[in-house]
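Source file: model_39.pdb (PDB, C-alpha atoms)
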```
MODEL        1
ATOM      1  CA  GLY A 270       2.540 -12.374  -2.068
ATOM      2  CA  PHE A 271       1.735 -10.079   0.807
ATOM      3  CA  LEU A 272       5.045 -10.792   2.533
ATOM      4  CA  THR A 273       8.341 -11.752   0.945
ATOM      5  CA  ALA A 274       9.640 -15.230   1.715
ATOM      6  CA  GLU A 275      12.155 -13.639   4.074
ATOM      7  CA  GLU A 276       9.446 -11.667   5.902
ATOM      8  CA  LYS A 277       7.305 -14.816   6.245
ATOM      9  CA  GLY A 278      10.312 -16.536   7.776
ATOM     10  CA  LEU A 279      10.855 -13.717  10.265
ATOM     11  CA  VAL A 280       7.169 -13.574  11.251
ATOM     12  CA  ASN A 281       6.670 -17.323  11.606
ATOM     13  CA  GLY A 282      10.010 -17.693  13.334
ATOM     14  CA  LEU A 283       9.018 -15.267  16.074
ATOM     15  CA  TRP A 284       5.335 -16.244  16.241
ATOM     16  CA  GLY A 285       6.283 -19.846  16.946
ATOM     17  CA  LYS A 286       7.727 -18.671  20.277
ATOM     18  CA  VAL A 287       4.737 -16.534  21.274
ATOM     19  CA  ASN A 288       2.423 -17.634  24.100
ATOM     20  CA  VAL A 289      -0.642 -16.506  22.199
ATOM     21  CA  ASP A 290      -3.016 -16.654  25.176
ATOM     22  CA  GLU A 291      -0.745 -14.587  27.400
ATOM     23  CA  VAL A 292       0.304 -12.059  24.786
ATOM     24  CA  GLY A 293      -3.357 -11.596  23.841
ATOM     25  CA  GLY A 294      -4.307 -10.598  27.372
ATOM     26  CA  GLU A 295      -1.260  -8.346  27.650
ATOM     27  CA  ALA A 296      -1.972  -6.579  24.361
ATOM     28  CA  LEU A 297      -5.668  -6.005  25.027
ATOM     29  CA  GLY A 298      -4.894  -4.891  28.579
ATOM     30  CA  ARG A 299      -2.319  -2.376  27.417
ATOM     31  CA  LEU A 300      -4.732  -1.056  24.759
ATOM     32  CA  LEU A 301      -7.253  -0.293  27.508
ATOM     33  CA  VAL A 302      -4.586   1.261  29.776
ATOM     34  CA  VAL A 303      -2.682   3.337  27.238
ATOM     35  CA  TYR A 304      -5.755   4.422  25.218
ATOM     36  CA  PRO A 305      -8.495   4.525  27.861
ATOM     37  CA  TRP A 306     -11.168   5.636  25.411
ATOM     38  CA  THR A 307     -11.061   2.113  23.972
ATOM     39  CA  GLN A 308     -12.740   1.001  27.203
ATOM     40  CA  ARG A 309     -15.976   2.192  25.588
ATOM     41  CA  PHE A 310     -16.397  -1.276  24.056
ATOM     42  CA  PHE A 311     -15.954  -3.107  27.333
ATOM     43  CA  GLU A 312     -18.338  -1.557  29.854
ATOM     44  CA  SER A 313     -19.427  -5.032  30.970
ATOM     45  CA  PHE A 314     -15.895  -6.134  31.870
ATOM     46  CA  GLY A 315     -15.989  -4.954  35.479
ATOM     47  CA  ASP A 316     -13.101  -3.187  37.200
ATOM     48  CA  LEU A 317     -11.041  -1.161  34.702
ATOM     49  CA  SER A 318     -10.191   1.563  37.209
ATOM     50  CA  SER A 319      -6.384   1.281  37.169
ATOM     51  CA  ALA A 320      -3.580  -0.280  35.149
ATOM     52  CA  ASP A 321      -3.260  -3.055  37.740
ATOM     53  CA  ALA A 322      -7.002  -3.709  37.714
ATOM     54  CA  ILE A 323      -7.069  -3.873  33.915
ATOM     55  CA  MET A 324      -3.989  -6.074  33.513
ATOM     56  CA  SER A 325      -5.290  -8.587  36.063
ATOM     57  CA  ASN A 326      -8.928  -8.505  34.910
ATOM     58  CA  ALA A 327     -10.073 -12.036  33.990
ATOM     59  CA  LYS A 328     -12.484 -10.855  31.283
ATOM     60  CA  VAL A 329      -9.751  -8.775  29.661
ATOM     61  CA  LYS A 330      -7.440 -11.789  29.639
ATOM     62  CA  ALA A 331     -10.105 -14.073  28.217
ATOM     63  CA  HIS A 332     -11.057 -11.635  25.502
ATOM     64  CA  GLY A 333      -7.436 -10.868  24.672
ATOM     65  CA  LYS A 334      -6.854 -14.597  24.262
ATOM     66  CA  LYS A 335      -9.804 -14.836  21.875
ATOM     67  CA  VAL A 336      -8.648 -11.866  19.813
ATOM     68  CA  LEU A 337      -5.074 -13.047  19.472
ATOM     69  CA  ASN A 338      -6.022 -16.631  18.629
ATOM     70  CA  SER A 339      -8.089 -15.196  15.812
ATOM     71  CA  PHE A 340      -5.105 -13.090  14.694
ATOM     72  CA  SER A 341      -2.949 -16.206  14.854
ATOM     73  CA  ASP A 342      -5.406 -18.098  12.627
ATOM     74  CA  GLY A 343      -5.251 -15.191  10.196
ATOM     75  CA  LEU A 344      -1.459 -15.543  10.022
ATOM     76  CA  LYS A 345      -1.994 -19.000   8.534
ATOM     77  CA  ASN A 346      -3.772 -17.286   5.605
ATOM     78  CA  ILE A 347      -1.327 -14.447   5.194
ATOM     79  CA  ASP A 348      -1.848 -14.258   1.432
ATOM     80  CA  ASP A 349      -5.613 -13.830   1.736
ATOM     81  CA  LEU A 350      -6.209 -11.799   4.875
ATOM     82  CA  LYS A 351      -9.316 -10.144   3.400
ATOM     83  CA  GLY A 352     -10.871 -13.580   2.813
ATOM     84  CA  ALA A 353      -9.760 -14.876   6.196
ATOM     85  CA  PHE A 354     -11.263 -11.936   8.105
ATOM     86  CA  ALA A 355     -14.350 -11.272   5.957
ATOM     87  CA  LYS A 356     -16.864 -12.632   8.473
ATOM     88  CA  LEU A 357     -15.158 -10.930  11.412
ATOM     89  CA  SER A 358     -15.117  -7.690   9.449
ATOM     90  CA  GLU A 359     -18.881  -7.834   8.983
ATOM     91  CA  LEU A 360     -19.329  -8.630  12.684
ATOM     92  CA  HIS A 361     -17.173  -5.696  13.815
ATOM     93  CA  CYS A 362     -19.099  -3.322  11.572
ATOM     94  CA  ASP A 363     -22.688  -4.516  11.870
ATOM     95  CA  LYS A 364     -22.881  -5.896  15.401
ATOM     96  CA  LEU A 365     -19.934  -4.497  17.355
ATOM     97  CA  HIS A 366     -19.788  -1.003  15.749
ATOM     98  CA  VAL A 367     -16.019  -0.737  16.228
ATOM     99  CA  ASP A 368     -14.176   2.139  14.528
ATOM    100  CA  PRO A 369     -11.412   0.471  12.436
ATOM    101  CA  GLU A 370      -8.922   2.940  13.903
ATOM    102  CA  ASN A 371      -9.023   0.661  16.946
ATOM    103  CA  PHE A 372      -7.569  -2.217  14.895
ATOM    104  CA  ARG A 373      -4.577  -0.036  14.033
ATOM    105  CA  LEU A 374      -4.133   0.962  17.678
ATOM    106  CA  LEU A 375      -4.277  -2.663  18.848
ATOM    107  CA  GLY A 376      -1.859  -3.728  16.117
ATOM    108  CA  ASN A 377       0.722  -1.208  17.305
ATOM    109  CA  VAL A 378       0.195  -2.169  20.946
ATOM    110  CA  LEU A 379       0.800  -5.792  19.923
ATOM    111  CA  VAL A 380       4.075  -4.722  18.275
ATOM    112  CA  CYS A 381       5.089  -2.992  21.546
ATOM    113  CA  VAL A 382       4.249  -6.145  23.530
ATOM    114  CA  LEU A 383       6.316  -8.305  21.173
ATOM    115  CA  ALA A 384       9.239  -5.857  21.513
ATOM    116  CA  HIS A 385       8.826  -6.002  25.289
ATOM    117  CA  HIS A 386       8.870  -9.819  25.335
ATOM    118  CA  PHE A 387      11.547 -10.486  22.756
ATOM    119  CA  GLY A 388      13.937  -7.569  23.315
ATOM    120  CA  HIS A 389      16.800  -7.495  20.834
ATOM    121  CA  ASP A 390      15.343 -10.464  18.894
ATOM    122  CA  PHE A 391      12.546  -8.108  17.873
ATOM    123  CA  ASN A 392      14.973  -6.237  15.650
ATOM    124  CA  PRO A 393      14.098  -3.598  13.003
ATOM    125  CA  GLN A 394      13.630  -6.196  10.237
ATOM    126  CA  VAL A 395      11.337  -8.377  12.362
ATOM    127  CA  GLN A 396       9.382  -5.292  13.414
ATOM    128  CA  ALA A 397       9.007  -4.165   9.797
ATOM    129  CA  ALA A 398       7.569  -7.558   8.836
ATOM    130  CA  PHE A 399       5.124  -7.443  11.754
ATOM    131  CA  GLN A 400       4.070  -3.883  10.921
ATOM    132  CA  LYS A 401       3.048  -5.187   7.499
ATOM    133  CA  VAL A 402       1.096  -8.004   9.138
ATOM    134  CA  VAL A 403      -0.781  -5.837  11.645
ATOM    135  CA  ALA A 404      -1.566  -3.293   8.923
ATOM    136  CA  GLY A 405      -2.840  -6.096   6.680
ATOM    137  CA  VAL A 406      -5.030  -7.531   9.435
ATOM    138  CA  ALA A 407      -6.400  -4.078  10.327
ATOM    139  CA  ASN A 408      -7.226  -3.408   6.672
ATOM    140  CA  ALA A 409      -8.833  -6.861   6.294
ATOM    141  CA  LEU A 410     -11.002  -6.238   9.357
ATOM    142  CA  ALA A 411     -12.077  -2.894   7.916
ATOM    143  CA  HIS A 412     -12.625  -4.214   4.412
ATOM    144  CA  LYS A 413     -16.318  -5.148   4.716
ATOM    145  CA  TYR A 414     -17.363  -1.929   6.440
ATOM    146  CA  HIS A 415     -20.215  -0.063   4.846
TER     147      HIS A 415
ATOM    148  CA  MET B  59      -3.372  16.162  27.319
ATOM    149  CA  SER B  60      -0.722  16.570  30.002
ATOM    150  CA  LEU B  61       1.464  14.317  32.133
ATOM    151  CA  THR B  62       0.421  13.462  35.683
ATOM    152  CA  LYS B  63       2.959  13.747  38.518
ATOM    153  CA  ALA B  64       3.317   9.970  38.544
ATOM    154  CA  GLU B  65       3.936   9.866  34.801
ATOM    155  CA  LYS B  66       6.606  12.578  35.046
ATOM    156  CA  ALA B  67       8.298  10.540  37.786
ATOM    157  CA  ILE B  68       8.298   7.443  35.574
ATOM    158  CA  ILE B  69       9.793   9.376  32.639
ATOM    159  CA  LEU B  70      12.515  10.954  34.790
ATOM    160  CA  SER B  71      13.462   7.709  36.425
ATOM    161  CA  MET B  72      13.563   5.756  33.161
ATOM    162  CA  TRP B  73      15.490   8.531  31.435
ATOM    163  CA  GLY B  74      18.240   8.018  34.002
ATOM    164  CA  LYS B  75      18.765   4.537  32.536
ATOM    165  CA  ILE B  76      18.009   5.471  28.926
ATOM    166  CA  SER B  77      20.492   8.359  28.946
ATOM    167  CA  THR B  78      23.417   5.957  29.400
ATOM    168  CA  GLN B  79      22.539   4.502  25.967
ATOM    169  CA  ALA B  80      20.750   7.518  24.529
ATOM    170  CA  ASP B  81      22.635   7.612  21.229
ATOM    171  CA  ALA B  82      22.039   3.912  20.542
ATOM    172  CA  ILE B  83      18.349   4.264  21.391
ATOM    173  CA  GLY B  84      17.935   7.271  19.081
ATOM    174  CA  THR B  85      19.804   5.509  16.290
ATOM    175  CA  GLN B  86      17.837   2.265  16.616
ATOM    176  CA  ALA B  87      14.532   4.159  16.617
ATOM    177  CA  LEU B  88      15.516   5.733  13.295
ATOM    178  CA  GLU B  89      16.553   2.332  11.884
ATOM    179  CA  ARG B  90      13.171   0.964  12.885
ATOM    180  CA  LEU B  91      11.430   3.966  11.322
ATOM    181  CA  PHE B  92      13.167   3.565   7.971
ATOM    182  CA  ALA B  93      12.662  -0.236   7.922
ATOM    183  CA  SER B  94       8.960  -0.192   8.836
ATOM    184  CA  TYR B  95       7.994   3.044   7.083
ATOM    185  CA  PRO B  96      10.258   3.418   4.032
ATOM    186  CA  GLN B  97       8.398   6.556   2.907
ATOM    187  CA  THR B  98      10.072   8.404   5.794
ATOM    188  CA  LYS B  99      13.388   8.050   4.003
ATOM    189  CA  THR B 100      12.209  10.745   1.570
ATOM    190  CA  TYR B 101      13.239  13.335   4.160
ATOM    191  CA  PHE B 102      16.841  12.133   4.064
ATOM    192  CA  PRO B 103      17.917  11.872   0.409
ATOM    193  CA  HIS B 104      21.264  13.324   1.411
ATOM    194  CA  PHE B 105      21.984  10.678   4.069
ATOM    195  CA  ASP B 106      23.542   7.236   3.973
ATOM    196  CA  LEU B 107      20.754   5.371   5.770
ATOM    197  CA  ARG B 108      22.334   1.935   5.895
ATOM    198  CA  PRO B 109      22.295   0.458   9.414
ATOM    199  CA  GLY B 110      25.463   1.480  11.222
ATOM    200  CA  SER B 111      26.139   4.503   9.025
ATOM    201  CA  ALA B 112      27.771   7.574  10.552
ATOM    202  CA  HIS B 113      24.821   9.696   9.344
ATOM    203  CA  LEU B 114      22.356   7.492  11.219
ATOM    204  CA  ARG B 115      24.402   7.487  14.397
ATOM    205  CA  THR B 116      24.867  11.266  14.354
ATOM    206  CA  HIS B 117      21.215  11.902  13.662
ATOM    207  CA  GLY B 118      20.072   9.336  16.220
ATOM    208  CA  ALA B 119      22.213  11.087  18.807
ATOM    209  CA  LYS B 120      20.581  14.435  17.910
ATOM    210  CA  VAL B 121      17.083  12.974  18.315
ATOM    211  CA  ALA B 122      18.039  11.454  21.678
ATOM    212  CA  ALA B 123      19.589  14.737  22.857
ATOM    213  CA  ALA B 124      16.397  16.633  22.022
ATOM    214  CA  LEU B 125      14.319  14.119  23.975
ATOM    215  CA  GLY B 126      16.744  14.525  26.852
ATOM    216  CA  ASP B 127      16.196  18.295  26.738
ATOM    217  CA  ALA B 128      12.447  17.723  26.875
ATOM    218  CA  VAL B 129      12.822  15.371  29.861
ATOM    219  CA  LYS B 130      15.044  17.851  31.718
ATOM    220  CA  SER B 131      12.375  20.542  31.244
ATOM    221  CA  ILE B 132       9.429  18.229  31.577
ATOM    222  CA  ASP B 133       7.297  21.002  33.072
ATOM    223  CA  ASN B 134       7.955  23.228  30.074
ATOM    224  CA  ILE B 135       8.555  21.096  27.021
ATOM    225  CA  ALA B 136       7.318  23.844  24.686
ATOM    226  CA  GLY B 137       9.962  26.201  26.068
ATOM    227  CA  ALA B 138      12.738  23.624  25.860
ATOM    228  CA  LEU B 139      11.947  22.705  22.241
ATOM    229  CA  SER B 140      10.974  26.147  20.958
ATOM    230  CA  LYS B 141      13.895  26.457  18.508
ATOM    231  CA  LEU B 142      13.395  22.888  17.305
ATOM    232  CA  SER B 143       9.713  23.626  16.835
ATOM    233  CA  GLU B 144      10.538  26.615  14.620
ATOM    234  CA  MET B 145      13.022  24.553  12.632
ATOM    235  CA  HIS B 146      10.396  21.888  11.929
ATOM    236  CA  ALA B 147       7.810  24.489  10.947
ATOM    237  CA  TYR B 148       9.868  26.696   8.658
ATOM    238  CA  VAL B 149      12.781  24.603   7.466
ATOM    239  CA  LEU B 150      12.211  20.861   7.798
ATOM    240  CA  ARG B 151       8.436  20.827   7.287
ATOM    241  CA  VAL B 152       8.125  17.125   8.057
ATOM    242  CA  ASP B 153       4.508  16.113   7.503
ATOM    243  CA  PRO B 154       2.807  15.796  10.916
ATOM    244  CA  VAL B 155       1.828  12.165  10.326
ATOM    245  CA  ASN B 156       5.481  11.163  10.638
ATOM    246  CA  PHE B 157       5.758  12.203  14.275
ATOM    247  CA  LYS B 158       3.381   9.371  15.198
ATOM    248  CA  LEU B 159       5.546   6.919  13.263
ATOM    249  CA  LEU B 160       8.812   7.971  14.947
ATOM    250  CA  SER B 161       7.100   8.082  18.354
ATOM    251  CA  HIS B 162       5.913   4.488  17.858
ATOM    252  CA  CYS B 163       9.433   3.389  16.871
ATOM    253  CA  LEU B 164      10.910   5.136  19.928
ATOM    254  CA  LEU B 165       8.367   3.323  22.115
ATOM    255  CA  VAL B 166       9.267  -0.031  20.534
ATOM    256  CA  THR B 167      12.990   0.698  21.045
ATOM    257  CA  VAL B 168      12.483   1.576  24.722
ATOM    258  CA  ALA B 169      10.263  -1.496  25.243
ATOM    259  CA  SER B 170      12.870  -3.822  23.778
ATOM    260  CA  HIS B 171      15.745  -2.324  25.795
ATOM    261  CA  PHE B 172      14.082  -1.959  29.212
ATOM    262  CA  PRO B 173      11.756  -4.920  29.760
ATOM    263  CA  ALA B 174      11.658  -4.620  33.540
ATOM    264  CA  ASP B 175      10.684  -0.952  33.414
ATOM    265  CA  PHE B 176       8.242  -0.961  30.495
ATOM    266  CA  THR B 177       5.119  -1.630  32.553
ATOM    267  CA  ALA B 178       1.646  -0.681  31.272
ATOM    268  CA  ASP B 179       1.899   2.588  33.258
ATOM    269  CA  ALA B 180       5.343   3.329  31.786
ATOM    270  CA  HIS B 181       4.007   2.529  28.298
ATOM    271  CA  THR B 182       1.264   5.096  28.888
ATOM    272  CA  ALA B 183       3.655   7.724  30.257
ATOM    273  CA  TRP B 184       6.052   7.404  27.311
ATOM    274  CA  ASP B 185       3.260   7.376  24.735
ATOM    275  CA  LYS B 186       1.841  10.570  26.239
ATOM    276  CA  PHE B 187       5.269  12.215  26.547
ATOM    277  CA  LEU B 188       6.141  11.512  22.909
ATOM    278  CA  SER B 189       2.694  12.722  21.890
ATOM    279  CA  ILE B 190       3.313  16.004  23.697
ATOM    280  CA  VAL B 191       6.761  16.380  22.110
ATOM    281  CA  SER B 192       5.183  15.749  18.688
ATOM    282  CA  CYS B 193       2.538  18.398  19.346
ATOM    283  CA  VAL B 194       5.165  20.930  20.376
ATOM    284  CA  LEU B 195       7.200  20.249  17.240
ATOM    285  CA  THR B 196       4.209  20.832  14.952
ATOM    286  CA  GLU B 197       2.509  23.660  16.840
ATOM    287  CA  LYS B 198       4.014  26.450  14.698
ATOM    288  CA  TYR B 199       3.239  24.770  11.359
ATOM    289  CA  ARG B 200       0.419  27.171  10.524
TER     290      ARG B 200
ENDMDL
END
```

Starting from the file, lay out its structure as structure tokens.
Amino acid sequence: GFLTAEEKGLVNGLWGKVNVDEVGGEALGRLLVVYPWTQRFFESFGDLSSADAIMSNAKVKAHGKKVLNSFSDGLKNIDDLKGAFAKLSELHCDKLHVDPENFRLLGNVLVCVLAHHFGHDFNPQVQAAFQKVVAGVANALAHKYH
Amino acid sequence: MSLTKAEKAIILSMWGKISTQADAIGTQALERLFASYPQTKTYFPHFDLRPGSAHLRTHGAKVAAALGDAVKSIDNIAGALSKLSEMHAYVLRVDPVNFKLLSHCLLVTVASHFPADFTADAHTAWDKFLSIVSCVLTEKYR
């Protein structure tokens, strides 16, 4: 399988405690703050002029929620991420024109947010399992690109 | 890319807290690096890399000390890390891709240890700072 039984345990164990809606908004917000060039995809989102503006922006929160709920659904199909994200991959290529590098950036921002929320519980072994997951999701989302 | 005044202030102020646990932070960042990116262990065939090992603690302390030097000379990081830059270019020759990996692990370590301080602005400041340090360490490669 993609993850060992132990890694699945670590991932699911932590994910069960995640407020997916909140963490989604936080992760997307931080992506736009820390890597401002990613704002190129969100010109219609209104005020992105400062970290505070971005982190409190309602559209950012709503979209972050959407993105992370989708990620969460993907976790349920951890052994077939390519299948799970096939349609979304086509969408991101053909309609959204998103460089897959952005999936890797968001994945790492998500890891930072989880570390921020969970502190010492987000230990090196838990992080390693999540790095595999975010890499797998990023690759799955890039898989249908042409 | 360079740090704004505000970002330098964030780094300096957070380093005050980080420095009291600098060795542990450096060591944990390395543990995270080796766990998440096992290929990075190829640079340390001569080390005992098990968590808690003396090698890891000594090396983690070295990494933290170098970051401390960079913070103390935040207006001239290239000057502060000049010798280290030469060492990486001519002796260590760590592939440049690995600096991003260690920087990410340092960020994760700081985030997990200082929740109150790791705001979005602080996240940005540290990401930029580590990016600059990485650049300095690879700037003499060729």

request  = Find the residues in chain B near chain A: any atom within 6 Å counts, using all atoms listed in the file. Write them as a PyMOL selection string.
outcome  = chain B and resi 90+93-94+166+169-170+173+178+182

key: Within-9 Å shell of (12.5, 4.9, 24.1) in input frame, all atoms listed in the file, as a PyMOL selection string   = chain B and resi 73+76+80+83-84+87+122+161+163-172+184

query = Val403 in chain A: which residues within 12 Å, counting all atoms listed in the file, same-chain residues fewer than 4 positions away excluded, as JSON, numbers by chain?
reply = {"A": [271, 272, 280, 337, 340, 341, 343, 344, 347, 350, 371, 372, 373, 374, 375, 376, 377, 378, 379, 380, 381, 396, 397, 398, 399, 407, 408, 409, 410], "B": [94]}

request  = Run the PyMOL selection byres ((chain A and resi 316) around 10) mentally over the shown coordinates, then write out the matched residues as a ChimeraX atom specification, using the chain letters and numbers from the document.
outcome  = /A:312-315,317-319,321-323,325-329

task = Run through the PyMOL selection byres ((chain B and resi 139-145) around 8) on the given coordinates and return the selected residues as a PyMOL selection string.
result = chain B and resi 124+127-128+135-138+146-151+194-198

ask   = How many Å separate CA of Ala183 in chain B from CA of Tyr95 in chain B?
value =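 For CA of Ala183 in chain B relative to CA of Tyr95 in chain B, the distance reads 24.0 Å.
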
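Note that CA of Lys130 in chain B and CA of Glu89 in chain B are 25.2 Å apart.
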
request  = For CA of Pro369 in chain A and CA of Ala411 in chain A, determine how far apart the two atoms are, in Å to one decimal place.
outcome  =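 Result for CA of Pro369 in chain A versus CA of Ala411 in chain A: 5.7 Å, one decimal.
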
request  = Tell me which of B:Lys158, B:Asn134, B:Gly118, B:Arg200 sits closest to Asp185 in chain B, counting all atoms listed in the file.
outcome  =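 Answer, going by the shortest atom-to-atom distance: B:Lys158.
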
task = Tell me which protein, DNA and RNA residues are within 10 Å of Asn156 in chain B, counting only C-alpha atoms, leaving out same-chain ones fewer than 3 positions away, and put them as number ranges by chain.
result = B: 91, 95, 97-98, 152-153, 159-162, 192

inquiry  = Going by the chain IDs and residue numbers used in this file, which residues fall under the PyMOL selection byres ((chain A and resi 339) around 12)? Write them as a ChimeraX atom specification.
reply    = /A:289-290,293,332-338,340-346,350,353-354,356-357,406,410
